[in-house]
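Participant: Structure provided below as structure tokens; questions to follow.
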Amino acid sequence: MGNSWFDFQQFRVEQDRCAMKISTDAVLLGALVEAIDGDQILDIGTGTGVIALMLAQRFPGSLFTAVELDAEAATQASDNFQKSPFSNRIQLVHGAVQDFRREEKFEVIVSNPPFFPDHLKSIDPQRNRALHTGELSFLDLGKAVSELLKPNGRFFVILPPRQMNELKVVMEKLGLFPFIEFLIRDRSDLPIHREAVGFEFQSGSFSQFPLCLKNDSGAYSDEYKRLISGFLLGY
């Protein structure tokens, strides 16, 4: 995905000013989030804005707020929003989510957060902000979610398994518990490499679903094609 843009069926995402380009993680989260049309939805660390744009397509009655710390990424996400068919429903907030305050809370919060430890940092500060937890620790993320989410709201996030286990410990201490989990593999014979999890303010029913992106022949699986139908070109 080396292009300076990525075309979806209903919108284009420019990405040349963003350290994090369009990824399968973001597309998966945008397709898996559960919401009710009309919900107010917050995207923490929006990057290119792709998750907010996908959700705006899926939920035409919802309003969106997208928070982004990096100035270049925030400007590009704002441009992507303005050029999309959903421009009147998405607001970009440039700044740290730790400083973001709003009286009215959100029904749904989503995030594709940084997860690499600080000792793996590169010399590129923009890429570090996008990839590493130094600017947004799991504790900071959890506190922001617990403060901005309605009591009956839901938080959706995607991470590698080890980091998701770390986040689950943090979220439980803040009173948020998993209610749904997607275990994601490239193929059925490969290990789980990502988990997409929904959290809520109550410990109750819990559902777990396997998701393979490809079949044994290496082609996209029917399940993944259903998820990206209506979004990626050709599907």
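Each chain in the structure tokens gets a letter, A, B, ..., in the order shown, and its residues are numbered from 1; ligands are numbered from 1 in order too.
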Taking 5 positions as the minimum chain separation for residues in the same chain, which residues sit within 10 Å of segment 146-162 of chain A when counting only C-alpha atoms? Answer as a PyMOL selection string.

Facilitator: chain A and resi 25-26+28-30+32-35+39-44+97-98+100-115+140-141+167+171+174-184+192-202

Participant: In segment 31-172 of chain A, what's alpha helix (DSSP H) per DSSP? Answer as a VMD selection string?

Facilitator: chain A and resid 31 to 32 50 to 58 71 to 82 125 to 131 138 to 148 161 to 172

Participant: Which of segment 16-234 of chain A counts as strand (DSSP E) under DSSP, as JSON, numbers by chain please?

Facilitator: {"A": [40, 41, 42, 43, 44, 63, 64, 65, 66, 67, 68, 90, 91, 92, 93, 94, 106, 107, 108, 109, 110, 111, 149, 150, 151, 152, 153, 154, 155, 156, 157, 158, 159, 177, 178, 179, 180, 181, 182, 183, 184, 185, 194, 195, 196, 197, 198, 199, 200, 207, 208, 209, 210, 211, 212]}

Participant: Can you list, as a list of chain:residue names, every protein, DNA or RNA residue that comes within 12 Å of Asn88 of chain A when you count only C-alpha atoms, leaving out same-chain residues fewer than 3 positions away?

Facilitator: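 Near Asn88 of chain A, the qualifying residues are A:Leu53, A:Ala56, A:Pro60, A:Gly61, A:Ser62, A:Leu63, A:Phe64, A:Thr65, A:Ser78, A:Phe81, A:Gln82, A:Lys83, A:Ser84, A:Pro85, A:Gln91, A:Leu92.
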
Participant: One decimal, Å: what's the distance from atom CA of Val145 of chain A over to atom CA of Leu55 of chain A, could you say?

Facilitator: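 Distance reported for this atom pair: 18.2 Å.
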
Participant: Would you list the contacts of segment 67-69 of chain A as a list in words, taking every protein, DNA or RNA residue within 6 Å and counting only C-alpha atoms, but skipping same-chain residues closer than 5 positions in sequence?

Facilitator: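 Everything that qualifies: Ile44, Gly45, Thr46, Ala74, Val93, His94, Gly95 and Ala96 of chain A.
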
Participant: Selected residues, N, CA and C atoms, written as a tab-separated table (two decimals), in the first residue's frame, please.

Facilitator:
chain	number	residue	atom	x	y	z
A	44	ILE	N	-10.52	7.44	18.67
A	44	ILE	CA	-9.32	7.91	19.36
A	44	ILE	C	-8.09	7.55	18.54
A	45	GLY	N	-7.31	8.55	18.15
A	45	GLY	CA	-6.13	8.34	17.32
A	45	GLY	C	-6.53	8.02	15.90
A	46	THR	N	-7.26	8.91	15.27
A	46	THR	CA	-7.90	8.60	13.98
A	46	THR	C	-6.93	8.39	12.84
A	74	ALA	N	-3.57	14.94	11.65
A	74	ALA	CA	-4.84	15.62	11.93
A	74	ALA	C	-5.29	16.45	10.73
A	93	VAL	N	-10.73	16.76	15.99
A	93	VAL	CA	-10.15	17.47	17.13
A	93	VAL	C	-8.66	17.18	17.15
A	94	HIS	N	-7.83	18.22	17.01
A	94	HIS	CA	-6.38	18.05	17.04
A	94	HIS	C	-5.91	18.20	18.48
A	95	GLY	N	-5.29	17.16	19.01
A	95	GLY	CA	-4.78	17.21	20.37
A	95	GLY	C	-4.73	15.83	20.98
A	96	ALA	N	-4.29	15.79	22.23
A	96	ALA	CA	-4.20	14.52	22.96
A	96	ALA	C	-5.56	14.16	23.55

Participant: Counting only C-alpha atoms, what is within 12 Å of Lys225 of chain A, bar same-chain residues fewer than 6 positions away, as an MDAnalysis selection string?

Facilitator: chainID A and resid 27:28 31 211:215 219 231:235

Participant: Given the selection you just returned, output its residues as a file containing N, CA and C atoms, formatted as a PDB file, in the first residue's frame.

Facilitator:
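Printed below is again01.pdb as written:
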ATOM      1  N   VAL A  27      -9.149  -1.468   8.688  1.00  0.00           N
ATOM      2  CA  VAL A  27     -10.301  -1.896   7.893  1.00  0.00           C
ATOM      3  C   VAL A  27     -11.137  -2.918   8.663  1.00  0.00           C
ATOM      4  N   LEU A  28     -10.467  -3.844   9.341  1.00  0.00           N
ATOM      5  CA  LEU A  28     -11.195  -4.830  10.144  1.00  0.00           C
ATOM      6  C   LEU A  28     -12.005  -4.163  11.249  1.00  0.00           C
ATOM      7  N   ALA A  31     -15.040  -2.451  10.056  1.00  0.00           N
ATOM      8  CA  ALA A  31     -16.091  -3.372   9.626  1.00  0.00           C
ATOM      9  C   ALA A  31     -16.737  -4.128  10.780  1.00  0.00           C
ATOM     10  N   LEU A 211     -11.869 -15.668  13.174  1.00  0.00           N
ATOM     11  CA  LEU A 211     -11.967 -14.997  11.874  1.00  0.00           C
ATOM     12  C   LEU A 211     -10.679 -15.244  11.101  1.00  0.00           C
ATOM     13  N   CYS A 212     -10.791 -15.952   9.990  1.00  0.00           N
ATOM     14  CA  CYS A 212      -9.647 -16.180   9.099  1.00  0.00           C
ATOM     15  C   CYS A 212      -9.772 -15.265   7.893  1.00  0.00           C
ATOM     16  N   LEU A 213      -8.712 -14.529   7.595  1.00  0.00           N
ATOM     17  CA  LEU A 213      -8.757 -13.578   6.492  1.00  0.00           C
ATOM     18  C   LEU A 213      -8.628 -14.261   5.139  1.00  0.00           C
ATOM     19  N   LYS A 214      -7.948 -15.420   5.113  1.00  0.00           N
ATOM     20  CA  LYS A 214      -7.722 -16.124   3.845  1.00  0.00           C
ATOM     21  C   LYS A 214      -8.062 -17.599   4.006  1.00  0.00           C
ATOM     22  N   ASN A 215      -8.386 -18.227   2.884  1.00  0.00           N
ATOM     23  CA  ASN A 215      -8.609 -19.668   2.901  1.00  0.00           C
ATOM     24  C   ASN A 215      -7.301 -20.394   2.606  1.00  0.00           C
ATOM     25  N   ALA A 219      -6.507 -17.145  -1.024  1.00  0.00           N
ATOM     26  CA  ALA A 219      -7.478 -16.125  -1.439  1.00  0.00           C
ATOM     27  C   ALA A 219      -8.258 -15.643  -0.217  1.00  0.00           C
ATOM     28  N   PHE A 231     -16.981  -1.713   0.797  1.00  0.00           N
ATOM     29  CA  PHE A 231     -15.893  -0.812   1.158  1.00  0.00           C
ATOM     30  C   PHE A 231     -14.737  -0.878   0.149  1.00  0.00           C
ATOM     31  N   LEU A 232     -14.039  -2.001   0.092  1.00  0.00           N
ATOM     32  CA  LEU A 232     -12.899  -2.107  -0.806  1.00  0.00           C
ATOM     33  C   LEU A 232     -13.357  -2.292  -2.243  1.00  0.00           C
ATOM     34  N   LEU A 233     -12.619  -1.723  -3.168  1.00  0.00           N
ATOM     35  CA  LEU A 233     -12.972  -1.835  -4.577  1.00  0.00           C
ATOM     36  C   LEU A 233     -12.966  -3.296  -5.007  1.00  0.00           C
ATOM     37  N   GLY A 234     -13.949  -3.670  -5.774  1.00  0.00           N
ATOM     38  CA  GLY A 234     -14.050  -5.049  -6.240  1.00  0.00           C
ATOM     39  C   GLY A 234     -14.841  -5.957  -5.320  1.00  0.00           C
ATOM     40  N   TYR A 235     -15.281  -5.426  -4.185  1.00  0.00           N
ATOM     41  CA  TYR A 235     -16.047  -6.243  -3.238  1.00  0.00           C
ATOM     42  C   TYR A 235     -17.382  -5.569  -2.881  1.00  0.00           C
TER      43      TYR A 235
END

Participant: Could you state the separation of atom CA of Glu135 of chain A and atom CA of Val170 of chain A in Å, given to one decimal place?

Facilitator: 16.7 Å
